Amino acid sequence: MRQLRIASPGQLGGVCWILLGLLVLVEGAAPVSPPNVILMLADDWGYGDVGVYGGPHYPASGTMVRTPFIDTMAREGVIFTDYHTANPVCSPSRAALMTGFFPARVGIHTALSSNAAGNEKQGQVNFLNLSIPTVTEHFQKAGYLVGHFGKWHLGGTKEPAAPPPTAYGIDSAVTFNSNDPAHHLGNGSQPYWAGISSTLIMDNALKFIEKARSLGKPFYLNLWFHIAHATLDPTPEQLAVYANVCRLAATNQTYCPHQIYWASQTETDGQIGRLMAALKAGNMYNNTFSVFTSDNGPEDVMVYHNAQGTTGPWRGRKRSLYEGGHRVAFIGHWPDKIQPGRVDHSIIGGADWFPTAATMAGIPLTEAEKSKIDGEDMAAAFLNEKGSLPSNREKMLFWEWRFGVAGHCWNQAPHLAVRNGTWKFLMNNDGTRHELYNMTYGRGQENFESQNLAAIYPDVVNSLKSELSTWLASLPKGPEFTEDNFGCGTQPMI
């Protein structure tokens, strides 16, 4: 029997999925059933902050972080080991997910300030430009009901010109860090707001999902959590889950940073459990494509004392262009389509989300649209089209970080980085500090950016330096680079 081929939204002139679902080729053929799509974005979670990625433990008590529901997603789906956010901080990383562009391309270089004066000082725009196509607009035009609940941070809370989230192809939004006071997520000054924020986000999300179900429409949903960004304020009940972590006989300590951090994460995991239960109850679980990931690596303890996230084996943390700043957990789940229990080593970047999600939903971007963005369609990696082999990518990944890096000098990476296949090259914007690492999975210490191979492979250095310089020159004018990213220099490296 002939295959039913679904055209792109551009080809169909925006005909909605509901009508497409009624089309059949022959009598008795099953109707089209477009999947729901959910992007779960944690805040400041390190690569090792999820149980299936190794999970941190507290040596004094032997306790490990508990993320049973995210772990279930992994067991029933695919774990990616080589996923990278588009920037090591919040707003730029989120801009890439929304647009498919490297964030410097859209004028966002660091966390957006709440006002124009702050953004001007940082040399960046005040909000995400409305003229740039977004993944949410793409799904809305295809007939999806689109929701966004949780953090926004793509337009300031005190910047009058900043559009609300609903201006970006979003039907329903309840957020914080946005210019939408009428639809704010709770009251930030209420007791334990951070501790209950994941509950508030999920309460709104479940209402939205029920609305989509009652309308008979597929939905696209951004769930952007506050946890584990500072400030963390878990409730006594949440802390009790890790009651034994800090009760050391020598100090009789009641609470400690690990307990506060892990209690917050486990609460978020529990809310993901609520989501899974609701999808099952609504008979939507098997046909929902979900991804769990983080916006960047974990905060440094020198910035926030409760920031106890772990980067696993990777060097660097939030703000750093070493792996720990941008390599994070990335889990794909879709029982109807994704082979369960698989580990995939494909190289995937944050800007890939837009074209990949569109293809997974059967509403792919046109070739012309794909050619305009930095992201690449990596749906083949989710669908295991190459078996046990990683899916090769054609486009390089590029990063820039123009500001200081908090914490130990060991984490202070150069300003620029590029990843091309197995090679990762870093340098400062003035051409100094050449660092080259072979990132082949399963190699030795060079895999973890502790053995610089630049002197051994000068031809690779020259080639990637040229690529990086060309990319930098192609970007719109941005803020000046700081001059304090010198690394350890003559200081001890460990």
# chains A, B, ... in the order shown; residues from 1 in each chain; ligands from 1
call {"tool": "residues_around", "arguments": {"residues": "Gly431 (chain A)", "least_positions_apart": "6", "cutoff": "10 Å", "atoms": "only C-alpha atoms", "output": "list in words"}}
result
Pro414, His415, Leu416, Lys465 and Ser469 of chain A
call {"tool": "write_last_selection", "arguments": {"atoms": "C-alpha atoms", "output": "tab-separated table (two decimals), in the first residue's frame"}}
result
chain	number	residue	atom	x	y	z
A	414	PRO	CA	39.18	30.85	26.27
A	415	HIS	CA	36.54	33.12	24.72
A	416	LEU	CA	35.75	31.03	21.62
A	465	LYS	CA	41.29	28.61	13.90
A	469	SER	CA	37.75	33.39	12.97
call {"tool": "residues_around", "arguments": {"residues": "Val89 (chain A)", "least_positions_apart": "6", "cutoff": "7 Å", "atoms": "only C-alpha atoms", "output": "JSON, numbers by chain"}}
result
{"A": [110, 111, 295, 296, 318, 319]}
call {"tool": "closest_residue", "arguments": {"among": "A:Ala380, A:Ala74, A:Met64, A:Ala240", "to": "Arg342 (chain A)", "atoms": "only C-alpha atoms"}}
result
A:Ala74
call {"tool": "residues_around", "arguments": {"residues": "Asn420 (chain A)", "least_positions_apart": "4", "cutoff": "8 Å", "atoms": "only C-alpha atoms", "output": "short mmCIF file (atom, residue, chain, number, x, y, z; two decimals) with N, CA, C and O atoms, in the first residue's frame"}}
result
data_model
loop_
_atom_site.label_atom_id
_atom_site.label_comp_id
_atom_site.auth_asym_id
_atom_site.auth_seq_id
_atom_site.Cartn_x
_atom_site.Cartn_y
_atom_site.Cartn_z
N LYS A 395 27.09 20.31 10.08
CA LYS A 395 27.43 21.65 10.54
C LYS A 395 28.27 21.60 11.81
O LYS A 395 28.06 20.75 12.68
N MET A 396 29.22 22.52 11.91
CA MET A 396 30.03 22.62 13.12
C MET A 396 29.23 23.32 14.22
O MET A 396 28.29 24.06 13.96
N LEU A 397 29.65 23.09 15.46
CA LEU A 397 29.10 23.83 16.61
C LEU A 397 30.08 24.92 16.99
O LEU A 397 31.29 24.67 17.09
N LYS A 424 37.82 19.45 19.15
CA LYS A 424 37.34 20.69 19.76
C LYS A 424 38.52 21.63 19.90
O LYS A 424 39.56 21.26 20.46
#
call {"tool": "closest_residue", "arguments": {"among": "A:Gly216, A:Pro257, A:Pro35, A:Gly155", "to": "Val301 (chain A)", "atoms": "only C-alpha atoms"}}
result
A:Pro257
call {"tool": "closest_residue", "arguments": {"among": "A:Asp43, A:Glu435, A:Asp344, A:Asp459", "to": "His226 (chain A)", "atoms": "only C-alpha atoms"}}
result
A:Asp43
call {"tool": "closest_residue", "arguments": {"among": "A:Gly107, A:Val461, A:Ala194, A:Pro335", "to": "Gly123 (chain A)", "atoms": "only C-alpha atoms"}}
result
A:Gly107
call {"tool": "closest_residue", "arguments": {"among": "A:Asp82, A:Glu400, A:Asp49, A:Asp203", "to": "Gln265 (chain A)", "atoms": "only C-alpha atoms"}}
result
A:Asp49
call {"tool": "select_by_dssp", "arguments": {"residues": "region 280-489 of chain A", "states": "strand (DSSP E)", "output": "count of residues only"}}
result
37
call {"tool": "atom_distance", "arguments": {"atom1": "CA of Phe127 (chain A)", "atom2": "CA of Leu426 (chain A)"}}
result
28.6 Å
call {"tool": "closest_atom_pairs", "arguments": {"of": "region 98-131 of chain A", "to": "region 360-373 of chain A", "cutoff": "10 Å", "atoms": "only C-alpha atoms", "output": "JSON lines"}}
result
{"residue": "A:Thr99", "atom": "CA", "partner": "A:Ile373", "partner_atom": "CA", "distance": 7.9}
{"residue": "A:Gly100", "atom": "CA", "partner": "A:Ile373", "partner_atom": "CA", "distance": 5.6}
{"residue": "A:Phe101", "atom": "CA", "partner": "A:Ile373", "partner_atom": "CA", "distance": 5.4}
{"residue": "A:Phe102", "atom": "CA", "partner": "A:Ile373", "partner_atom": "CA", "distance": 8.3}
{"residue": "A:Arg105", "atom": "CA", "partner": "A:Ile373", "partner_atom": "CA", "distance": 9.7}
call {"tool": "select_by_dssp", "arguments": {"residues": "region 152-330 of chain A", "states": "alpha helix (DSSP H)", "output": "ChimeraX atom specification"}}
result
/A:193-215,236-239,257-281,323-326
call {"tool": "residues_around", "arguments": {"residues": "Ala117 (chain A)", "least_positions_apart": "4", "cutoff": "12 Å", "atoms": "only C-alpha atoms", "output": "PyMOL selection string"}}
result
chain A and resi 112-113+121-126+156+158-159
call {"tool": "write_last_selection", "arguments": {"atoms": "N, CA, C and O atoms", "output": "PDB file, in the first residue's frame"}}
result
ATOM      1  N   LEU A 112      19.841  38.113  29.745  1.00  0.00           N
ATOM      2  CA  LEU A 112      19.237  39.415  29.483  1.00  0.00           C
ATOM      3  C   LEU A 112      18.933  40.134  30.793  1.00  0.00           C
ATOM      4  O   LEU A 112      18.417  39.539  31.740  1.00  0.00           O
ATOM      5  N   SER A 113      19.240  41.412  30.828  1.00  0.00           N
ATOM      6  CA  SER A 113      18.922  42.235  31.991  1.00  0.00           C
ATOM      7  C   SER A 113      17.429  42.540  31.986  1.00  0.00           C
ATOM      8  O   SER A 113      16.746  42.420  30.967  1.00  0.00           O
ATOM      9  N   LYS A 121      24.622  48.081  28.506  1.00  0.00           N
ATOM     10  CA  LYS A 121      25.934  47.908  29.126  1.00  0.00           C
ATOM     11  C   LYS A 121      26.565  46.591  28.705  1.00  0.00           C
ATOM     12  O   LYS A 121      27.792  46.493  28.558  1.00  0.00           O
ATOM     13  N   GLN A 122      25.742  45.586  28.496  1.00  0.00           N
ATOM     14  CA  GLN A 122      26.238  44.274  28.087  1.00  0.00           C
ATOM     15  C   GLN A 122      26.339  44.123  26.580  1.00  0.00           C
ATOM     16  O   GLN A 122      26.725  43.058  26.077  1.00  0.00           O
ATOM     17  N   GLY A 123      25.974  45.155  25.833  1.00  0.00           N
ATOM     18  CA  GLY A 123      26.119  45.134  24.387  1.00  0.00           C
ATOM     19  C   GLY A 123      25.198  44.155  23.690  1.00  0.00           C
ATOM     20  O   GLY A 123      25.584  43.522  22.696  1.00  0.00           O
ATOM     21  N   GLN A 124      23.959  44.043  24.163  1.00  0.00           N
ATOM     22  CA  GLN A 124      23.043  43.091  23.544  1.00  0.00           C
ATOM     23  C   GLN A 124      21.642  43.668  23.430  1.00  0.00           C
ATOM     24  O   GLN A 124      21.350  44.756  23.940  1.00  0.00           O
ATOM     25  N   VAL A 125      20.771  42.956  22.745  1.00  0.00           N
ATOM     26  CA  VAL A 125      19.400  43.402  22.531  1.00  0.00           C
ATOM     27  C   VAL A 125      18.608  43.307  23.831  1.00  0.00           C
ATOM     28  O   VAL A 125      19.050  42.685  24.804  1.00  0.00           O
ATOM     29  N   ASN A 126      17.429  43.908  23.832  1.00  0.00           N
ATOM     30  CA  ASN A 126      16.582  43.894  25.024  1.00  0.00           C
ATOM     31  C   ASN A 126      15.661  42.671  25.077  1.00  0.00           C
ATOM     32  O   ASN A 126      15.206  42.290  26.151  1.00  0.00           O
ATOM     33  N   GLY A 156      12.879  41.405  29.151  1.00  0.00           N
ATOM     34  CA  GLY A 156      12.986  41.830  30.532  1.00  0.00           C
ATOM     35  C   GLY A 156      11.692  42.136  31.247  1.00  0.00           C
ATOM     36  O   GLY A 156      10.702  42.555  30.637  1.00  0.00           O
ATOM     37  N   LYS A 158      11.304  44.554  33.357  1.00  0.00           N
ATOM     38  CA  LYS A 158      11.140  46.000  33.527  1.00  0.00           C
ATOM     39  C   LYS A 158      11.386  46.748  32.223  1.00  0.00           C
ATOM     40  O   LYS A 158      11.639  47.944  32.232  1.00  0.00           O
ATOM     41  N   GLU A 159      11.319  46.044  31.119  1.00  0.00           N
ATOM     42  CA  GLU A 159      11.515  46.643  29.806  1.00  0.00           C
ATOM     43  C   GLU A 159      10.155  46.715  29.101  1.00  0.00           C
ATOM     44  O   GLU A 159       9.646  45.710  28.603  1.00  0.00           O
TER      45      GLU A 159
END
call {"tool": "atom_distance", "arguments": {"atom1": "CA of Met40 (chain A)", "atom2": "CA of Val291 (chain A)"}}
result
5.9 Å
call {"tool": "residues_around", "arguments": {"residues": "Asn36 (chain A)", "least_positions_apart": "5", "cutoff": "7 Å", "atoms": "only C-alpha atoms", "output": "PDB file with N, CA and C atoms, in the first residue's frame"}}
result
ATOM      1  N   PRO A 218      -3.300  18.351  18.940  1.00  0.00           N
ATOM      2  CA  PRO A 218      -1.977  18.038  19.473  1.00  0.00           C
ATOM      3  C   PRO A 218      -1.399  19.288  20.121  1.00  0.00           C
ATOM      4  N   PHE A 219      -0.468  19.103  21.027  1.00  0.00           N
ATOM      5  CA  PHE A 219       0.107  20.267  21.694  1.00  0.00           C
ATOM      6  C   PHE A 219       1.632  20.250  21.637  1.00  0.00           C
ATOM      7  N   TYR A 220       2.193  21.457  21.641  1.00  0.00           N
ATOM      8  CA  TYR A 220       3.623  21.673  21.841  1.00  0.00           C
ATOM      9  C   TYR A 220       3.755  22.410  23.167  1.00  0.00           C
ATOM     10  N   ASN A 287       2.231   8.473  22.465  1.00  0.00           N
ATOM     11  CA  ASN A 287       2.384   9.316  21.279  1.00  0.00           C
ATOM     12  C   ASN A 287       2.786  10.737  21.647  1.00  0.00           C
ATOM     13  N   THR A 288       3.620  10.858  22.668  1.00  0.00           N
ATOM     14  CA  THR A 288       4.172  12.157  23.052  1.00  0.00           C
ATOM     15  C   THR A 288       5.686  12.084  22.981  1.00  0.00           C
ATOM     16  N   PHE A 289       6.266  12.976  22.198  1.00  0.00           N
ATOM     17  CA  PHE A 289       7.717  13.084  22.061  1.00  0.00           C
ATOM     18  C   PHE A 289       8.205  14.097  23.093  1.00  0.00           C
TER      19      PHE A 289
END
call {"tool": "closest_residue", "arguments": {"among": "A:Ala205, A:Ala263, A:Ala307, A:Leu215", "to": "Glu237 (chain A)", "atoms": "only C-alpha atoms"}}
result
A:Ala263
call {"tool": "residues_around", "arguments": {"residues": "Glu449 (chain A)", "least_positions_apart": "4", "cutoff": "8 Å", "atoms": "only C-alpha atoms", "output": "MDAnalysis selection string"}}
result
chainID A and resid 314:315 322:323 437 445
call {"tool": "write_last_selection", "arguments": {"atoms": "N, CA and C atoms", "output": "tab-separated table (two decimals), in the first residue's frame"}}
result
chain	number	residue	atom	x	y	z
A	314	TRP	N	33.51	16.08	33.36
A	314	TRP	CA	33.89	17.18	32.49
A	314	TRP	C	34.44	18.39	33.24
A	315	ARG	N	35.42	19.00	32.66
A	315	ARG	CA	36.03	20.23	33.17
A	315	ARG	C	35.13	21.42	32.85
A	322	TYR	N	34.59	25.19	28.47
A	322	TYR	CA	34.96	23.79	28.62
A	322	TYR	C	33.66	22.99	28.73
A	323	GLU	N	33.77	21.68	28.53
A	323	GLU	CA	32.59	20.84	28.39
A	323	GLU	C	31.57	20.99	29.52
A	437	TYR	N	41.56	19.55	21.63
A	437	TYR	CA	41.25	18.30	22.33
A	437	TYR	C	40.55	17.34	21.38
A	445	GLN	N	42.81	10.89	28.68
A	445	GLN	CA	42.60	12.14	29.40
A	445	GLN	C	42.35	13.33	28.48
call {"tool": "atom_distance", "arguments": {"atom1": "CA of Asn286 (chain A)", "atom2": "CA of Gln271 (chain A)"}}
result
18.7 Å
